[in-house]
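Source file: start37.txt. Holds: compact mmCIF, C-alpha atoms and all ligand atoms.
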```txt
# COMPACT_ATOMS: atom_id res chain seq x y z
CA MET F 16 21.61 48.88 44.11
CA LYS F 17 19.94 45.66 43.11
CA ALA F 18 16.24 45.35 43.80
CA ASP F 19 14.41 42.06 44.25
CA ALA F 20 10.89 42.78 43.13
CA SER F 21 7.82 40.68 42.56
CA PHE F 22 4.17 41.13 41.74
CA VAL F 23 2.04 40.37 44.79
CA ARG F 24 -1.52 40.71 43.58
CA SER F 25 -4.08 42.90 41.95
CA ALA F 26 -6.25 44.00 44.84
CA ALA F 27 -9.93 44.30 44.06
CA SER F 28 -10.92 45.35 47.56
CA VAL F 29 -9.45 46.63 50.79
CA ASP F 30 -9.35 43.05 52.09
CA ASP F 31 -6.71 42.19 49.49
CA LEU F 32 -4.26 44.85 50.66
CA PRO F 33 -1.11 43.94 52.61
CA ARG F 34 -1.46 43.78 56.37
CA ASP F 35 2.08 43.07 57.45
CA GLY F 36 2.95 46.67 58.32
CA ALA F 37 5.68 47.05 55.69
CA ALA F 38 6.11 50.52 54.24
CA GLU F 39 3.90 51.30 51.28
CA ILE F 40 4.61 53.75 48.50
CA ALA F 41 1.46 54.47 46.52
CA LEU F 42 1.78 55.91 43.04
CA VAL F 43 -1.23 57.94 42.04
CA GLY F 44 -1.88 60.04 38.96
CA ARG F 45 -3.83 60.45 35.78
CA SER F 46 -4.14 57.57 33.38
CA ASN F 47 -1.09 57.45 31.13
CA VAL F 48 1.03 59.65 33.40
CA GLY F 49 3.61 56.87 33.71
CA LYS F 50 2.85 55.09 37.00
CA SER F 51 3.56 51.57 35.77
CA SER F 52 6.60 52.72 33.80
CA LEU F 53 8.03 54.40 36.86
CA ILE F 54 7.62 51.23 38.92
CA ASN F 55 9.40 49.24 36.23
CA ALA F 56 12.17 51.83 36.03
CA LEU F 57 12.62 51.88 39.81
CA VAL F 58 13.02 48.10 40.02
CA ARG F 59 14.75 47.79 36.61
CA GLN F 60 12.38 45.05 35.51
CA ARG F 61 9.27 44.83 33.42
CA LEU F 62 7.04 43.97 36.33
CA ALA F 63 4.00 46.17 36.08
CA ARG F 64 1.09 44.16 34.79
CA THR F 65 -2.02 44.72 32.82
CA SER F 66 -5.20 43.29 34.23
CA ALA F 67 -6.36 39.88 33.05
CA ALA F 68 -9.89 41.21 33.29
CA PRO F 69 -10.02 44.33 31.13
CA GLY F 70 -12.38 47.02 32.28
CA LYS F 71 -12.80 45.62 35.74
CA THR F 72 -12.12 48.29 38.32
CA ARG F 73 -9.30 47.29 40.60
CA LEU F 74 -8.19 48.99 43.75
CA ALA F 75 -4.47 48.53 43.34
CA ASN F 76 -1.66 46.49 41.80
CA ILE F 77 0.85 45.63 44.48
CA TYR F 78 4.58 44.92 44.11
CA ARG F 79 6.93 43.81 46.84
CA VAL F 80 10.45 45.22 46.61
CA ARG F 81 13.56 44.63 48.64
CA ARG F 82 16.77 46.53 47.98
CA GLY F 83 20.13 45.50 49.33
CA GLY F 84 19.73 44.21 52.86
CA GLY F 85 16.86 46.59 53.60
CA PRO F 86 13.37 45.68 54.75
CA PRO F 87 10.75 44.93 52.10
CA ILE F 88 8.43 47.66 50.93
CA TYR F 89 5.36 47.67 48.73
CA LEU F 90 5.06 49.77 45.60
CA VAL F 91 1.37 50.24 44.92
CA ASP F 92 0.04 51.17 41.48
CA LEU F 93 -3.36 52.81 41.94
CA PRO F 94 -5.97 53.27 39.20
CA GLY F 95 -5.44 56.26 36.95
CA TYR F 96 -7.94 59.09 37.01
CA GLY F 97 -8.76 61.76 34.46
CA TYR F 98 -10.92 59.92 32.00
CA ALA F 99 -14.22 60.13 33.86
CA ARG F 100 -17.23 60.38 31.60
CA GLY F 101 -20.26 62.56 32.17
CA GLY F 102 -18.34 65.55 33.50
CA ARG F 103 -17.67 63.95 36.86
CA ASP F 104 -15.89 66.32 39.19
CA ALA F 105 -12.13 65.62 39.26
CA ALA F 106 -11.90 65.55 43.03
CA VAL F 107 -14.89 63.24 43.31
CA GLU F 108 -13.45 60.87 40.74
CA PHE F 109 -10.08 60.77 42.44
CA GLU F 110 -11.60 60.20 45.84
CA ALA F 111 -13.86 57.46 44.54
CA LEU F 112 -10.86 55.63 43.09
CA THR F 113 -8.55 55.95 46.04
CA ALA F 114 -10.60 56.49 49.21
CA GLY F 115 -10.71 52.76 49.93
CA PHE F 116 -6.99 52.49 49.71
CA PHE F 117 -6.08 55.56 51.72
CA GLY F 118 -9.00 55.32 54.13
CA ARG F 119 -8.35 51.80 55.39
CA ALA F 120 -6.01 52.78 58.21
CA GLY F 121 -8.99 53.89 60.24
CA GLN F 122 -11.09 50.84 59.53
CA ALA F 123 -11.91 48.19 62.07
CA GLY F 124 -10.10 44.91 61.52
CA CYS F 125 -7.15 46.53 59.77
CA ALA F 126 -3.70 45.75 61.05
CA SER F 127 -1.70 48.63 62.45
CA PRO F 128 -1.77 51.55 60.02
CA PRO F 129 0.96 51.08 57.45
CA ASP F 130 3.74 53.52 56.84
CA LEU F 131 2.15 54.99 53.82
CA THR F 132 3.53 57.53 51.40
CA ALA F 133 1.59 58.82 48.43
CA LEU F 134 3.49 59.95 45.37
CA LEU F 135 1.37 62.10 43.09
CA LEU F 136 2.67 61.73 39.55
CA VAL F 137 2.06 64.66 37.24
CA ASP F 138 3.01 64.72 33.57
CA ALA F 139 5.70 67.41 33.34
CA ARG F 140 4.20 68.57 30.05
CA HIS F 141 0.86 69.40 31.72
CA PRO F 142 1.66 71.08 35.02
CA GLY F 143 -1.58 72.94 35.70
CA LEU F 144 -4.40 70.42 35.28
CA ALA F 145 -7.41 70.81 37.55
CA SER F 146 -7.63 67.06 38.14
CA ASP F 147 -4.05 66.94 39.43
CA ALA F 148 -4.59 69.99 41.63
CA ALA F 149 -7.71 68.37 43.08
CA ALA F 150 -5.85 65.13 43.69
CA TRP F 151 -3.03 66.98 45.45
CA GLN F 152 -5.48 68.83 47.69
CA TRP F 153 -7.21 65.59 48.58
CA LEU F 154 -3.98 63.74 49.27
CA GLN F 155 -2.60 66.47 51.49
CA GLN F 156 -5.72 66.34 53.64
CA THR F 157 -5.86 62.57 53.73
CA VAL F 158 -2.39 61.08 53.69
CA ARG F 159 0.23 61.90 56.25
CA ARG F 160 3.13 61.81 53.83
CA CYS F 161 2.86 62.80 50.23
CA ALA F 162 4.99 64.29 47.49
CA VAL F 163 4.75 65.35 43.87
CA VAL F 164 6.80 63.76 41.10
CA ALA F 165 6.96 65.20 37.58
CA THR F 166 7.08 62.37 35.03
CA LYS F 167 8.36 62.21 31.44
CA ILE F 168 10.79 65.05 32.08
CA ASP F 169 12.86 63.76 29.14
CA LYS F 170 10.16 65.05 26.82
CA LEU F 171 10.86 68.68 27.66
CA ALA F 172 13.59 70.93 26.31
CA ARG F 173 15.55 72.94 28.82
CA GLY F 174 13.45 76.11 28.70
CA GLU F 175 10.17 74.21 28.73
CA ARG F 176 11.37 72.18 31.65
CA ILE F 177 12.21 75.23 33.73
CA ARG F 178 8.81 76.79 33.01
CA ALA F 179 6.92 73.57 33.69
CA MET F 180 8.70 72.84 36.97
CA ARG F 181 8.17 76.40 38.14
CA GLU F 182 4.46 76.24 37.35
CA LEU F 183 4.01 72.84 38.98
CA GLU F 184 5.83 73.88 42.14
CA SER F 185 3.76 77.03 42.26
CA VAL F 186 0.46 75.18 41.81
CA CYS F 187 1.34 72.51 44.39
CA GLU F 188 3.22 74.88 46.72
CA THR F 189 5.89 72.29 47.25
CA SER F 190 9.14 71.12 45.74
CA VAL F 191 8.70 68.62 42.93
CA LEU F 192 11.02 65.81 41.86
CA PRO F 193 11.49 65.51 38.09
CA VAL F 194 11.93 61.94 36.82
CA SER F 195 12.14 60.00 33.60
CA ALA F 196 11.47 56.30 33.25
CA VAL F 197 13.27 56.49 29.90
CA THR F 198 16.56 58.17 30.83
CA GLY F 199 16.56 57.22 34.51
CA GLU F 200 16.79 60.83 35.64
CA GLY F 201 15.60 61.36 39.20
CA LEU F 202 15.32 57.67 40.08
CA ASP F 203 18.19 57.69 42.57
CA GLU F 204 16.65 60.74 44.25
CA LEU F 205 13.30 59.00 44.36
CA TRP F 206 14.83 55.92 45.98
CA LYS F 207 16.46 58.18 48.56
CA LEU F 208 13.09 59.65 49.40
CA ILE F 209 11.54 56.19 49.59
CA ASP F 210 14.38 54.93 51.76
CA ARG F 211 13.71 57.69 54.25
CA GLN F 212 10.38 56.06 55.11
CA PRO F 213 10.24 55.38 58.85
CA SER F 214 9.94 51.60 58.60
CA ASN F 215 12.79 51.45 56.13
CA ARG F 216 15.23 52.57 58.76
CA PRO F 217 16.52 50.85 61.85
CA PRO F 218 14.53 51.82 64.95
CA ARG F 219 15.84 54.83 66.80
CA PRO F 220 14.82 56.61 69.99
CA PRO F 221 11.73 58.80 69.54
CA SER F 222 12.22 62.54 69.37
CA ASN F 223 9.77 65.40 69.13
CA ASN F 224 10.22 66.16 65.47
CA SER F 225 11.72 63.00 64.15
CA SER F 226 9.38 60.92 62.22
CA ARG F 227 6.77 61.85 59.76
CA SER F 228 7.96 64.58 57.51
CA LEU F 229 10.69 64.05 55.01
CA PRO F 230 13.19 66.62 53.86
CA PRO F 231 12.85 67.93 50.33
CA PRO F 232 14.81 66.24 47.59
CA LYS F 233 18.19 67.88 47.18
CA GLY F 234 19.27 69.38 43.90
CA THR F 235 16.05 68.61 42.09
CA GLY F 236 13.42 70.63 40.37
CA THR F 237 13.75 74.37 40.35
CA PRO F 238 13.74 76.73 43.28
CA ALA F 239 10.15 77.38 44.30
CA ARG F 240 9.02 81.00 44.41
CA ARG F 241 8.13 80.66 48.05
CA PRO F 242 9.66 78.37 50.64
CA PRO F 243 8.30 74.94 49.74
CA ARG F 244 6.28 73.06 52.28
CA SER F 245 7.91 70.07 50.76
CA TRP F 246 6.65 66.70 51.90
CA SER F 247 3.36 66.96 53.62
CA SER F 248 3.25 65.82 57.20
CA ARG F 249 -0.37 66.48 57.91
CA ARG F 250 -2.32 64.07 59.99
CA SER F 251 -4.88 61.82 58.42
CA ARG F 252 -8.52 62.74 58.79
CA THR F 253 -9.30 59.30 60.10
N1 LIG F 301 9.22 59.60 27.13
C1 LIG F 301 8.70 58.99 28.20
N2 LIG F 301 7.61 58.23 28.10
C2 LIG F 301 7.11 57.65 29.21
C3 LIG F 301 7.70 57.83 30.48
N3 LIG F 301 6.97 57.15 31.38
C4 LIG F 301 5.98 56.56 30.69
N4 LIG F 301 6.03 56.86 29.39
C5 LIG F 301 5.10 56.40 28.35
O1 LIG F 301 3.80 56.85 28.68
C6 LIG F 301 2.82 55.87 28.35
C7 LIG F 301 1.99 55.53 29.58
O2 LIG F 301 2.83 54.94 30.55
P1 LIG F 301 2.22 53.99 31.69
O3 LIG F 301 3.35 53.67 32.60
O4 LIG F 301 1.50 52.85 31.09
O5 LIG F 301 1.18 54.96 32.39
P2 LIG F 301 0.18 54.64 33.60
O6 LIG F 301 0.13 55.84 34.46
O7 LIG F 301 0.57 53.37 34.27
O8 LIG F 301 -1.19 54.47 32.84
P3 LIG F 301 -2.55 53.75 33.36
O9 LIG F 301 -2.17 52.38 33.87
O10 LIG F 301 -3.42 53.71 32.14
O11 LIG F 301 -3.14 54.61 34.42
C8 LIG F 301 3.59 54.69 27.78
O12 LIG F 301 3.57 54.79 26.38
C9 LIG F 301 5.00 54.88 28.31
O13 LIG F 301 5.99 54.34 27.46
C10 LIG F 301 8.87 58.65 30.56
O14 LIG F 301 9.46 58.89 31.63
N5 LIG F 301 9.32 59.21 29.40
MG MG F 302 -0.48 51.57 34.54
```

Represent the structure contained in this file as structure tokens.
Ligand SMILES: Nc1nc2c(ncn2[C@@H]2O[C@H](COP(=O)(O)OP(=O)(O)OP(=O)(O)O)[C@@H](O)[C@H]2O)c(=O)[nH]1
Ligand SMILES: [Mg+2]
Amino acid sequence: MKADASFVRSAASVDDLPRDGAAEIALVGRSNVGKSSLINALVRQRLARTSAAPGKTRLANIYRVRRGGGPPIYLVDLPGYGYARGGRDAAVEFEALTAGFFGRAGQAGCASPPDLTALLLVDARHPGLASDAAAWQWLQQTVRRCAVVATKIDKLARGERIRAMRELESVCETSVLPVSAVTGEGLDELWKLIDRQPSNRPPRPPSNNSSRSLPPPKGTGTPARRPPRSWSSRRSRT
């Protein structure tokens, strides 16, 4: 399906973030994990930008995407973590980089809380890193809807892939979607997950268990050792 996508802005503060209530998909992960590449692969364009001001900390790069006749969504490229100097704690670093973005829903003056989904990107070759585990813990407690995506899956041979996916799903206690920005593997599945966002669907009558949690991706990853909790549907702290 064709996607119309455009760069919106590089947000330096919470005030620069969208306020129109459109669904937002935030890509978070270590530096170099493949966040920008995945955005480009999803929209089939070289959109993801490098900052004009190198070294300046930015909150987020924002892209507006519309597929088919669907409503627009925002893909949000958050700063990469994992290169903190001075032994900074991984969880502290992650929270410092992303708290403004994920915490804004509870702030005064903010438009109605957006439909926000966090995708934690983990390099499939490094499934057990403490910084990723800390980020996943933080996201699960902070963001209502979050999921784990294993990037660069094309770099693994079959046996390595099975081991890596098993370890990652065990560490995160959820099903994980393997993707490759190079081969395109997993991108259709990822769009399906994105398209299941509440504001991406026509309104429907409320039901008790309808809205917030998403079903696990079908036919992806490897079977988890225990029943996966899949997409998190915890309530925000705020
Ligand atoms: N083989 C392979 N390489 C990839 C894939 N995705 C990204 N890469 C490579 O990984 C490197 C980092 O990719 P980026 O998309 O810039 O990573 P990033 O997470 O945006 O990095 P920061 O912006 O520094 O946080 C680049 O050299 C990409 O070409 C993939 O799916 N497969
Ligand atoms: Mg990037």

task = Pick out the residues no farther than 8 Å from ligand MG 302 (chain F), counting only C-alpha atoms and all ligand atoms, and list them as a ChimeraX atom specification.
result = /F:46-47,49-52,63-65,92,94-95

Could you report the residues within 10 Å of ligand LIG 301 (chain F), using all atoms listed in the file, as a compact mmCIF listing (two decimals) with C-alpha atoms, keeping the file's coordinate frame?
```txt
# COMPACT_ATOMS: atom_id res chain seq x y z
CA LEU F 42 1.78 55.91 43.04
CA VAL F 43 -1.23 57.94 42.04
CA GLY F 44 -1.88 60.04 38.96
CA ARG F 45 -3.83 60.45 35.78
CA SER F 46 -4.14 57.57 33.38
CA ASN F 47 -1.09 57.45 31.13
CA VAL F 48 1.03 59.65 33.40
CA GLY F 49 3.61 56.87 33.71
CA LYS F 50 2.85 55.09 37.00
CA SER F 51 3.56 51.57 35.77
CA SER F 52 6.60 52.72 33.80
CA LEU F 53 8.03 54.40 36.86
CA ILE F 54 7.62 51.23 38.92
CA ASN F 55 9.40 49.24 36.23
CA ALA F 56 12.17 51.83 36.03
CA ALA F 63 4.00 46.17 36.08
CA ARG F 64 1.09 44.16 34.79
CA THR F 65 -2.02 44.72 32.82
CA SER F 66 -5.20 43.29 34.23
CA ASN F 76 -1.66 46.49 41.80
CA ASP F 92 0.04 51.17 41.48
CA LEU F 93 -3.36 52.81 41.94
CA PRO F 94 -5.97 53.27 39.20
CA GLY F 95 -5.44 56.26 36.95
CA TYR F 96 -7.94 59.09 37.01
CA GLY F 97 -8.76 61.76 34.46
CA TYR F 98 -10.92 59.92 32.00
CA LEU F 136 2.67 61.73 39.55
CA VAL F 137 2.06 64.66 37.24
CA ASP F 138 3.01 64.72 33.57
CA ALA F 139 5.70 67.41 33.34
CA ALA F 165 6.96 65.20 37.58
CA THR F 166 7.08 62.37 35.03
CA LYS F 167 8.36 62.21 31.44
CA ILE F 168 10.79 65.05 32.08
CA ASP F 169 12.86 63.76 29.14
CA LYS F 170 10.16 65.05 26.82
CA LEU F 171 10.86 68.68 27.66
CA PRO F 193 11.49 65.51 38.09
CA VAL F 194 11.93 61.94 36.82
CA SER F 195 12.14 60.00 33.60
CA ALA F 196 11.47 56.30 33.25
CA VAL F 197 13.27 56.49 29.90
CA THR F 198 16.56 58.17 30.83
CA GLY F 199 16.56 57.22 34.51
CA GLU F 200 16.79 60.83 35.64
```

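Shortest atom-to-atom contact with F:Val29 among F:Gly118, F:Val107, F:Pro142, F:Tyr78: F:Gly118, counting all atoms listed in the file.
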
key: Among listed residues F:Cys161, F:Ala111, F:Leu90, F:Arg119, nearest F:Leu135 (using all atoms listed in the file)   =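 Nearest to F:Leu135: F:Cys161.
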
message = With all atoms listed in the file as the counted atoms, please give the residues lying no more than 6 Å from F:Arg82, apart from itself and same-chain residues fewer than 3 positions off, as a list of chain:residue names.
response =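 That gives F:Lys17, F:Ala18, F:Gly85.
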
Expected file: the selected residues, C-alpha atoms, as a short mmCIF file (atom, residue, chain, number, x, y, z; two decimals), in the frame of the given file:
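And here is the file that came out, part.cif:
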```cif
data_model
loop_
_atom_site.label_atom_id
_atom_site.label_comp_id
_atom_site.auth_asym_id
_atom_site.auth_seq_id
_atom_site.Cartn_x
_atom_site.Cartn_y
_atom_site.Cartn_z
CA LYS F 17 19.94 45.66 43.11
CA ALA F 18 16.24 45.35 43.80
CA GLY F 85 16.86 46.59 53.60
#
```

Please put the answer as JSON: centre and edge lengths, in Å with one decimal, of a box along x, y and z that encloses all listed atoms of stretch 145-154 of chain F plus 8 Å on each side.
```
{"center_x": -5.4, "center_y": 67.3, "center_z": 43.4, "size_x": 20.7, "size_y": 23.1, "size_z": 27.7}
```

Around the point (2.3, 38.4, 39.2) in the file's coordinates, collect all residues with an atom within 8 Å, using only C-alpha atoms, and return them as a CSV table (one decimal) with C-alpha atoms, in the frame of the given file.
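Dumped everything to point_33.csv:
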```csv
chain,number,residue,atom,x,y,z
F,21,SER,CA,7.8,40.7,42.6
F,22,PHE,CA,4.2,41.1,41.7
F,23,VAL,CA,2.0,40.4,44.8
F,24,ARG,CA,-1.5,40.7,43.6
F,62,LEU,CA,7.0,44.0,36.3
F,64,ARG,CA,1.1,44.2,34.8
```

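Going from atom CA of F:Arg61 over to atom CA of F:Asp19, you cover 12.3 Å.
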
ask   = Which one is closest to F:Pro86: F:Glu39, F:Ser28, F:Glu110, F:Leu192? Count all atoms listed in the file.
value =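 Of F:Glu39, F:Ser28, F:Glu110, F:Leu192, the one nearest F:Pro86 is F:Glu39, counting all atoms listed in the file.
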
key: From F:Arg181, F:Arg160, F:Phe117, F:Gln155, residue lying nearest F:His141 [only C-alpha atoms]   =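 Using only C-alpha atoms, F:His141 sits closest to F:Arg181.
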
inquiry  = Let me make sure I understand: among F:Thr113, F:Thr132, F:Gln60, F:Ser25, which one has the smallest atom-to-atom distance to F:Ala162 if we use all atoms listed in the file?
reply    =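 For F:Ala162, the nearest of the given residues is F:Thr132.
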
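Relative to atom CA of F:Ser146, atom CA of F:Ala38 is found at 26.9 Å.
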
Which polymer residues have any atom within 8 Å of an atom of F:Gly143, counting only C-alpha atoms, with same-chain residues fewer than 6 positions away left out, as a CSV table (one decimal) with C-alpha atoms, in the coordinates of the input?
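selection25.csv written:
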```
chain,number,residue,atom,x,y,z
F,182,GLU,CA,4.5,76.2,37.4
F,183,LEU,CA,4.0,72.8,39.0
F,186,VAL,CA,0.5,75.2,41.8
```
